[in-house]
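File shown here: start_38.cif, holding mmCIF, N, CA and C atoms.
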```cif
data_data
#
loop_
_atom_site.label_atom_id
_atom_site.label_comp_id
_atom_site.auth_asym_id
_atom_site.auth_seq_id
_atom_site.Cartn_x
_atom_site.Cartn_y
_atom_site.Cartn_z
N MET A 13 0.84 -1.17 0.00
CA MET A 13 0.00 0.00 0.00
C MET A 13 0.89 1.24 0.00
N SER A 14 0.48 2.23 -0.75
CA SER A 14 1.25 3.46 -0.88
C SER A 14 0.63 4.57 -0.04
N SER A 15 1.49 5.43 0.50
CA SER A 15 0.97 6.59 1.23
C SER A 15 0.85 7.81 0.33
N SER A 16 1.18 7.66 -0.94
CA SER A 16 1.12 8.75 -1.91
C SER A 16 -0.32 8.91 -2.42
N ILE A 17 -0.81 10.15 -2.43
CA ILE A 17 -2.17 10.41 -2.91
C ILE A 17 -2.08 10.87 -4.35
N GLN A 18 -2.15 9.92 -5.24
CA GLN A 18 -2.11 10.14 -6.67
C GLN A 18 -3.27 9.35 -7.28
N PRO A 19 -3.76 9.74 -8.45
CA PRO A 19 -4.87 9.00 -9.04
C PRO A 19 -4.61 7.50 -9.17
N ASP A 20 -3.40 7.11 -9.55
CA ASP A 20 -3.14 5.68 -9.72
C ASP A 20 -3.12 4.93 -8.39
N THR A 21 -2.60 5.54 -7.32
CA THR A 21 -2.58 4.86 -6.02
C THR A 21 -3.99 4.81 -5.43
N LEU A 22 -4.77 5.86 -5.66
CA LEU A 22 -6.15 5.84 -5.19
C LEU A 22 -6.97 4.79 -5.93
N ALA A 23 -6.76 4.66 -7.22
CA ALA A 23 -7.48 3.67 -8.02
C ALA A 23 -7.18 2.25 -7.55
N ARG A 24 -5.96 2.01 -7.09
CA ARG A 24 -5.59 0.67 -6.62
C ARG A 24 -6.35 0.27 -5.36
N MET A 25 -6.90 1.24 -4.64
CA MET A 25 -7.68 0.92 -3.44
C MET A 25 -8.92 0.10 -3.77
N GLU A 26 -9.38 0.20 -5.00
CA GLU A 26 -10.58 -0.55 -5.40
C GLU A 26 -10.41 -2.03 -5.11
N ASN A 27 -9.26 -2.58 -5.43
CA ASN A 27 -9.02 -4.00 -5.22
C ASN A 27 -8.99 -4.39 -3.75
N ASP A 28 -8.72 -3.43 -2.87
CA ASP A 28 -8.65 -3.71 -1.43
C ASP A 28 -10.02 -3.61 -0.75
N LEU A 29 -11.00 -3.06 -1.42
CA LEU A 29 -12.29 -2.83 -0.78
C LEU A 29 -12.97 -4.10 -0.27
N PRO A 30 -13.03 -5.19 -1.04
CA PRO A 30 -13.66 -6.39 -0.49
C PRO A 30 -12.92 -6.93 0.75
N ARG A 31 -11.63 -6.91 0.72
CA ARG A 31 -10.85 -7.38 1.86
C ARG A 31 -11.08 -6.47 3.07
N SER A 32 -11.12 -5.17 2.84
CA SER A 32 -11.38 -4.23 3.94
C SER A 32 -12.79 -4.43 4.50
N ALA A 33 -13.77 -4.57 3.63
CA ALA A 33 -15.14 -4.82 4.10
C ALA A 33 -15.22 -6.13 4.88
N GLY A 34 -14.40 -7.08 4.49
CA GLY A 34 -14.36 -8.37 5.17
C GLY A 34 -13.86 -8.29 6.60
N LEU A 35 -13.25 -7.18 6.97
CA LEU A 35 -12.80 -7.00 8.35
C LEU A 35 -13.96 -6.64 9.29
N LEU A 36 -15.08 -6.22 8.71
CA LEU A 36 -16.27 -5.93 9.52
C LEU A 36 -16.86 -7.26 10.00
N PRO A 37 -17.52 -7.26 11.14
CA PRO A 37 -18.10 -8.51 11.67
C PRO A 37 -19.14 -9.10 10.72
N SER A 38 -18.90 -10.28 10.25
CA SER A 38 -19.81 -10.91 9.28
C SER A 38 -21.14 -11.31 9.91
N ALA A 39 -21.20 -11.42 11.22
CA ALA A 39 -22.44 -11.80 11.90
C ALA A 39 -23.46 -10.66 11.90
N LEU A 40 -23.01 -9.45 11.66
CA LEU A 40 -23.92 -8.32 11.65
C LEU A 40 -24.51 -8.13 10.25
N ASP A 41 -25.78 -7.83 10.21
CA ASP A 41 -26.45 -7.61 8.94
C ASP A 41 -26.57 -6.10 8.75
N PHE A 42 -25.54 -5.51 8.17
CA PHE A 42 -25.49 -4.05 8.04
C PHE A 42 -26.55 -3.55 7.05
N ASP A 43 -27.21 -2.46 7.43
CA ASP A 43 -28.12 -1.79 6.51
C ASP A 43 -27.33 -0.90 5.55
N VAL A 44 -26.32 -0.22 6.10
CA VAL A 44 -25.51 0.72 5.32
C VAL A 44 -24.05 0.58 5.73
N ILE A 45 -23.17 0.67 4.75
CA ILE A 45 -21.73 0.71 5.01
C ILE A 45 -21.19 1.95 4.33
N GLY A 46 -20.44 2.75 5.08
CA GLY A 46 -19.86 3.97 4.53
C GLY A 46 -18.39 3.80 4.26
N TYR A 47 -17.96 4.24 3.09
CA TYR A 47 -16.55 4.27 2.72
C TYR A 47 -16.09 5.71 2.88
N GLY A 48 -15.12 5.97 3.73
CA GLY A 48 -14.78 7.32 4.11
C GLY A 48 -13.60 7.96 3.42
N CYS A 49 -13.32 7.62 2.20
CA CYS A 49 -12.18 8.23 1.50
C CYS A 49 -12.70 9.00 0.29
N THR A 50 -12.85 10.30 0.46
CA THR A 50 -13.39 11.14 -0.59
C THR A 50 -12.58 11.04 -1.88
N SER A 51 -11.27 11.16 -1.76
CA SER A 51 -10.43 11.17 -2.97
C SER A 51 -10.49 9.84 -3.71
N ALA A 52 -10.45 8.73 -3.00
CA ALA A 52 -10.52 7.42 -3.67
C ALA A 52 -11.90 7.20 -4.26
N ALA A 53 -12.95 7.60 -3.56
CA ALA A 53 -14.30 7.44 -4.10
C ALA A 53 -14.45 8.23 -5.39
N THR A 54 -13.81 9.39 -5.45
CA THR A 54 -13.87 10.21 -6.66
C THR A 54 -13.16 9.52 -7.82
N VAL A 55 -12.02 8.94 -7.55
CA VAL A 55 -11.25 8.27 -8.61
C VAL A 55 -11.90 6.94 -9.00
N ILE A 56 -12.29 6.14 -8.01
CA ILE A 56 -12.87 4.81 -8.27
C ILE A 56 -14.30 4.95 -8.81
N GLY A 57 -15.05 5.87 -8.24
CA GLY A 57 -16.45 6.04 -8.60
C GLY A 57 -17.35 5.38 -7.56
N SER A 58 -18.41 6.06 -7.20
CA SER A 58 -19.31 5.56 -6.16
C SER A 58 -19.92 4.21 -6.52
N ASP A 59 -20.27 4.01 -7.79
CA ASP A 59 -20.86 2.73 -8.20
C ASP A 59 -19.89 1.57 -8.00
N ARG A 60 -18.64 1.78 -8.37
CA ARG A 60 -17.63 0.71 -8.22
C ARG A 60 -17.32 0.46 -6.74
N VAL A 61 -17.28 1.52 -5.93
CA VAL A 61 -17.08 1.34 -4.49
C VAL A 61 -18.18 0.44 -3.96
N ALA A 62 -19.42 0.74 -4.30
CA ALA A 62 -20.56 -0.05 -3.83
C ALA A 62 -20.47 -1.49 -4.32
N GLN A 63 -20.12 -1.69 -5.57
CA GLN A 63 -20.00 -3.04 -6.11
C GLN A 63 -18.96 -3.86 -5.36
N GLN A 64 -17.84 -3.25 -5.04
CA GLN A 64 -16.77 -3.96 -4.34
C GLN A 64 -17.19 -4.31 -2.91
N VAL A 65 -17.81 -3.38 -2.20
CA VAL A 65 -18.26 -3.65 -0.83
C VAL A 65 -19.38 -4.70 -0.85
N ASN A 66 -20.26 -4.62 -1.84
CA ASN A 66 -21.37 -5.57 -1.93
C ASN A 66 -20.93 -6.98 -2.26
N LYS A 67 -19.70 -7.18 -2.67
CA LYS A 67 -19.18 -8.54 -2.84
C LYS A 67 -19.15 -9.26 -1.49
N VAL A 68 -18.98 -8.52 -0.43
CA VAL A 68 -18.90 -9.09 0.92
C VAL A 68 -20.24 -8.95 1.65
N PHE A 69 -20.89 -7.81 1.50
CA PHE A 69 -22.18 -7.53 2.14
C PHE A 69 -23.19 -7.16 1.05
N PRO A 70 -23.75 -8.16 0.37
CA PRO A 70 -24.58 -7.88 -0.81
C PRO A 70 -25.86 -7.11 -0.53
N ARG A 71 -26.39 -7.15 0.68
CA ARG A 71 -27.65 -6.46 0.97
C ARG A 71 -27.46 -5.04 1.49
N ALA A 72 -26.24 -4.69 1.84
CA ALA A 72 -25.99 -3.37 2.43
C ALA A 72 -26.02 -2.29 1.35
N LYS A 73 -26.62 -1.17 1.70
CA LYS A 73 -26.47 0.02 0.86
C LYS A 73 -25.10 0.59 1.18
N VAL A 74 -24.46 1.17 0.20
CA VAL A 74 -23.10 1.68 0.38
C VAL A 74 -23.09 3.16 0.03
N THR A 75 -22.43 3.93 0.85
CA THR A 75 -22.30 5.36 0.58
C THR A 75 -20.84 5.77 0.76
N ASP A 76 -20.53 6.92 0.25
CA ASP A 76 -19.20 7.51 0.38
C ASP A 76 -19.37 9.02 0.34
N PRO A 77 -18.35 9.79 0.65
CA PRO A 77 -18.51 11.25 0.68
C PRO A 77 -18.97 11.84 -0.66
N LEU A 78 -18.51 11.31 -1.75
CA LEU A 78 -18.92 11.81 -3.07
C LEU A 78 -20.41 11.58 -3.30
N ALA A 79 -20.87 10.35 -3.05
CA ALA A 79 -22.29 10.04 -3.22
C ALA A 79 -23.14 10.88 -2.28
N ALA A 80 -22.65 11.10 -1.08
CA ALA A 80 -23.41 11.87 -0.08
C ALA A 80 -23.57 13.33 -0.51
N ILE A 81 -22.52 13.95 -1.01
CA ILE A 81 -22.63 15.36 -1.41
C ILE A 81 -23.51 15.51 -2.65
N ILE A 82 -23.48 14.54 -3.54
CA ILE A 82 -24.35 14.58 -4.72
C ILE A 82 -25.81 14.42 -4.29
N ALA A 83 -26.08 13.47 -3.40
CA ALA A 83 -27.45 13.28 -2.91
C ALA A 83 -27.94 14.51 -2.16
N ALA A 84 -27.09 15.09 -1.34
CA ALA A 84 -27.48 16.29 -0.59
C ALA A 84 -27.76 17.45 -1.54
N GLY A 85 -26.92 17.60 -2.55
CA GLY A 85 -27.13 18.66 -3.54
C GLY A 85 -28.45 18.51 -4.25
N HIS A 86 -28.78 17.29 -4.67
CA HIS A 86 -30.07 17.04 -5.32
C HIS A 86 -31.22 17.35 -4.38
N SER A 87 -31.10 16.88 -3.15
CA SER A 87 -32.16 17.08 -2.15
C SER A 87 -32.39 18.56 -1.86
N LEU A 88 -31.32 19.33 -1.84
CA LEU A 88 -31.41 20.76 -1.52
C LEU A 88 -31.64 21.64 -2.75
N GLY A 89 -31.63 21.03 -3.93
CA GLY A 89 -31.82 21.82 -5.15
C GLY A 89 -30.59 22.63 -5.53
N VAL A 90 -29.43 22.20 -5.11
CA VAL A 90 -28.18 22.92 -5.40
C VAL A 90 -27.85 22.76 -6.88
N THR A 91 -27.53 23.88 -7.52
CA THR A 91 -27.13 23.83 -8.93
C THR A 91 -25.68 24.26 -9.12
N ARG A 92 -25.13 24.97 -8.12
CA ARG A 92 -23.73 25.38 -8.19
C ARG A 92 -23.11 25.13 -6.82
N LEU A 93 -21.94 24.53 -6.82
CA LEU A 93 -21.29 24.16 -5.57
C LEU A 93 -19.80 24.49 -5.65
N GLY A 94 -19.28 25.11 -4.62
CA GLY A 94 -17.85 25.36 -4.51
C GLY A 94 -17.29 24.44 -3.44
N PHE A 95 -16.05 24.03 -3.59
CA PHE A 95 -15.44 23.18 -2.58
C PHE A 95 -13.96 23.47 -2.47
N ILE A 96 -13.41 23.12 -1.33
CA ILE A 96 -11.98 23.28 -1.07
C ILE A 96 -11.42 21.89 -0.81
N THR A 97 -10.27 21.61 -1.37
CA THR A 97 -9.66 20.30 -1.24
C THR A 97 -8.16 20.42 -1.00
N PRO A 98 -7.60 19.53 -0.22
CA PRO A 98 -6.15 19.57 0.02
C PRO A 98 -5.36 18.75 -1.00
N TYR A 99 -6.04 18.19 -2.00
CA TYR A 99 -5.40 17.26 -2.92
C TYR A 99 -4.78 17.95 -4.13
N ILE A 100 -3.92 17.21 -4.81
CA ILE A 100 -3.30 17.72 -6.03
C ILE A 100 -4.37 17.88 -7.11
N PRO A 101 -4.15 18.77 -8.07
CA PRO A 101 -5.16 19.00 -9.13
C PRO A 101 -5.61 17.73 -9.85
N ASP A 102 -4.71 16.77 -10.09
CA ASP A 102 -5.09 15.54 -10.79
C ASP A 102 -6.14 14.74 -10.02
N VAL A 103 -6.16 14.89 -8.71
CA VAL A 103 -7.17 14.20 -7.89
C VAL A 103 -8.41 15.08 -7.77
N SER A 104 -8.23 16.35 -7.49
CA SER A 104 -9.36 17.26 -7.26
C SER A 104 -10.23 17.49 -8.49
N ILE A 105 -9.65 17.50 -9.66
CA ILE A 105 -10.39 17.81 -10.88
C ILE A 105 -11.52 16.82 -11.15
N ARG A 106 -11.36 15.62 -10.67
CA ARG A 106 -12.40 14.59 -10.89
C ARG A 106 -13.64 14.95 -10.14
#
```
Do you think you could lay out the structure here as structure tokens?
Amino acid sequence: MSSSIQPDTLARMENDLPRSAGLLPSALDFDVIGYGCTSAATVIGSDRVAQQVNKVFPRAKVTDPLAAIIAAGHSLGVTRLGFITPYIPDVSIR
């Protein structure tokens, strides 16, 4: 695993998602599982994040910061949004 925040290192997190989800207690029937990495969710995509987590917990709804801000924007009728990010332009532009 790399500590560098670059699009390629963030994209590689996709392959780790099922193994990471597998660390959660399998006896619990989760309704929702949240993935808390905004930059990786942006690079991987919310749909792919959900697909990877659902390999381990197929009934759980999956959310991430990107999906949450999009849902909140739709709910609030937001048409223009500004944001601040600590990431390099190659990550933030997505």
So which residues get picked by the PyMOL selection byres ((chain A and resi 46) around 8) here, written as a ChimeraX atom specification? /A:43-45,47-49,73-77
Any chance you can output those residues with N, CA and C atoms as a PDB file, in the frame of the given file?
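out-v7.pdb written:
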```pdb
ATOM      1  N   ASP A  43     -27.210  -2.460   7.430  1.00  0.00           N
ATOM      2  CA  ASP A  43     -28.120  -1.790   6.510  1.00  0.00           C
ATOM      3  C   ASP A  43     -27.330  -0.900   5.550  1.00  0.00           C
ATOM      4  N   VAL A  44     -26.320  -0.220   6.100  1.00  0.00           N
ATOM      5  CA  VAL A  44     -25.510   0.720   5.320  1.00  0.00           C
ATOM      6  C   VAL A  44     -24.050   0.580   5.730  1.00  0.00           C
ATOM      7  N   ILE A  45     -23.170   0.670   4.750  1.00  0.00           N
ATOM      8  CA  ILE A  45     -21.730   0.710   5.010  1.00  0.00           C
ATOM      9  C   ILE A  45     -21.190   1.950   4.330  1.00  0.00           C
ATOM     10  N   TYR A  47     -17.960   4.240   3.090  1.00  0.00           N
ATOM     11  CA  TYR A  47     -16.550   4.270   2.720  1.00  0.00           C
ATOM     12  C   TYR A  47     -16.090   5.710   2.880  1.00  0.00           C
ATOM     13  N   GLY A  48     -15.120   5.970   3.730  1.00  0.00           N
ATOM     14  CA  GLY A  48     -14.780   7.320   4.110  1.00  0.00           C
ATOM     15  C   GLY A  48     -13.600   7.960   3.420  1.00  0.00           C
ATOM     16  N   CYS A  49     -13.320   7.620   2.200  1.00  0.00           N
ATOM     17  CA  CYS A  49     -12.180   8.230   1.500  1.00  0.00           C
ATOM     18  C   CYS A  49     -12.700   9.000   0.290  1.00  0.00           C
ATOM     19  N   LYS A  73     -26.620  -1.170   1.700  1.00  0.00           N
ATOM     20  CA  LYS A  73     -26.470   0.020   0.860  1.00  0.00           C
ATOM     21  C   LYS A  73     -25.100   0.590   1.180  1.00  0.00           C
ATOM     22  N   VAL A  74     -24.460   1.170   0.200  1.00  0.00           N
ATOM     23  CA  VAL A  74     -23.100   1.680   0.380  1.00  0.00           C
ATOM     24  C   VAL A  74     -23.090   3.160   0.030  1.00  0.00           C
ATOM     25  N   THR A  75     -22.430   3.930   0.850  1.00  0.00           N
ATOM     26  CA  THR A  75     -22.300   5.360   0.580  1.00  0.00           C
ATOM     27  C   THR A  75     -20.840   5.770   0.760  1.00  0.00           C
ATOM     28  N   ASP A  76     -20.530   6.920   0.250  1.00  0.00           N
ATOM     29  CA  ASP A  76     -19.200   7.510   0.380  1.00  0.00           C
ATOM     30  C   ASP A  76     -19.370   9.020   0.340  1.00  0.00           C
ATOM     31  N   PRO A  77     -18.350   9.790   0.650  1.00  0.00           N
ATOM     32  CA  PRO A  77     -18.510  11.250   0.680  1.00  0.00           C
ATOM     33  C   PRO A  77     -18.970  11.840  -0.660  1.00  0.00           C
TER      34      PRO A  77
END
```
What does the PyMOL selection byres (((chain A and resi 26 and name CA) around 10) and name CA) select in this file, as a ChimeraX atom specification? /A:21-25,27-31,52-53,55-57,60-61,63-65
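Nearest-residue note for A:Arg106: choosing from A:Ala84, A:Thr54, A:Ala39, A:Ser32, the minimum distance belongs to A:Thr54, counting all atoms listed in the file.
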Please report the interatomic distance between atom N of A:Ala83 and atom CA of A:Thr50 in Å with one decimal.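 Atom-to-atom, atom N of A:Ala83 and atom CA of A:Thr50 are spaced 13.2 Å apart.
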Using DSSP assignments from the backbone, pull out every residue in chain A that falls under alpha helix (DSSP H) and give it to me as JSON, numbers by chain. {"A": [19, 20, 21, 22, 23, 24, 25, 26, 27, 28, 29, 30, 31, 32, 33, 50, 51, 52, 53, 54, 55, 56, 58, 59, 60, 61, 62, 63, 64, 65, 66, 77, 78, 79, 80, 81, 82, 83, 84, 85, 86, 87, 88, 101, 102, 103, 104]}
I'd like the contact shell of stretch 92-105 of chain A - 8 Å cut-off, only N, CA and C atoms, skipping same-chain residues fewer than 3 positions apart - returned as a PyMOL selection string. chain A and resi 17-19+51+54-55+89
Please write the residues from the selection above to a file, keeping N, CA and C atoms, as a PDB file, in the frame of the given file.
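Result saved to part_5.pdb:
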```
ATOM      1  N   ILE A  17      -0.810  10.150  -2.430  1.00  0.00           N
ATOM      2  CA  ILE A  17      -2.170  10.410  -2.910  1.00  0.00           C
ATOM      3  C   ILE A  17      -2.080  10.870  -4.350  1.00  0.00           C
ATOM      4  N   GLN A  18      -2.150   9.920  -5.240  1.00  0.00           N
ATOM      5  CA  GLN A  18      -2.110  10.140  -6.670  1.00  0.00           C
ATOM      6  C   GLN A  18      -3.270   9.350  -7.280  1.00  0.00           C
ATOM      7  N   PRO A  19      -3.760   9.740  -8.450  1.00  0.00           N
ATOM      8  CA  PRO A  19      -4.870   9.000  -9.040  1.00  0.00           C
ATOM      9  C   PRO A  19      -4.610   7.500  -9.170  1.00  0.00           C
ATOM     10  N   SER A  51     -11.270  11.160  -1.760  1.00  0.00           N
ATOM     11  CA  SER A  51     -10.430  11.170  -2.970  1.00  0.00           C
ATOM     12  C   SER A  51     -10.490   9.840  -3.710  1.00  0.00           C
ATOM     13  N   THR A  54     -13.810   9.390  -5.450  1.00  0.00           N
ATOM     14  CA  THR A  54     -13.870  10.210  -6.660  1.00  0.00           C
ATOM     15  C   THR A  54     -13.160   9.520  -7.820  1.00  0.00           C
ATOM     16  N   VAL A  55     -12.020   8.940  -7.550  1.00  0.00           N
ATOM     17  CA  VAL A  55     -11.250   8.270  -8.610  1.00  0.00           C
ATOM     18  C   VAL A  55     -11.900   6.940  -9.000  1.00  0.00           C
ATOM     19  N   GLY A  89     -31.630  21.030  -3.930  1.00  0.00           N
ATOM     20  CA  GLY A  89     -31.820  21.820  -5.150  1.00  0.00           C
ATOM     21  C   GLY A  89     -30.590  22.630  -5.530  1.00  0.00           C
TER      22      GLY A  89
END
```
Any idea what the distance is between atom C of A:Arg71 and atom N of A:Leu88?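 Atom N of A:Leu88 lies 24.9 Å from atom C of A:Arg71.
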Could you find all residues in chain A that DSSP calls strand (DSSP E) from the backbone, and write them as a list in words?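 Answer for chain A, restricted to strand (DSSP E): Val44, Ile45, Gly46, Lys73, Val74 and Thr75 of chain A.
The spacing separating atom C of A:Val68 from atom CA of A:Ile82 amounts to 24.7 Å.
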Would you give the centre and edge lengths, in Å to one decimal, of a box along x, y and z around the listed atoms of stretch 87-90 of chain A, with 3 Å added to each side, as lines of an AutoDock Vina configuration file?
```
center_x = -30.1
center_y = 19.9
center_z = -4.2
size_x = 10.5
size_y = 12.0
size_z = 11.4
```
In terms of the shortest atom-to-atom distance over all atoms listed in the file, which of A:Leu78, A:Ala33, A:Val90, A:Leu40 is closest to A:Asn66? A:Ala33
Under the rule that only N, CA and C atoms are counted, which of A:Thr91, A:Leu36, A:Ser16, A:Ser58 is the nearest residue to A:Ala79? A:Ser58
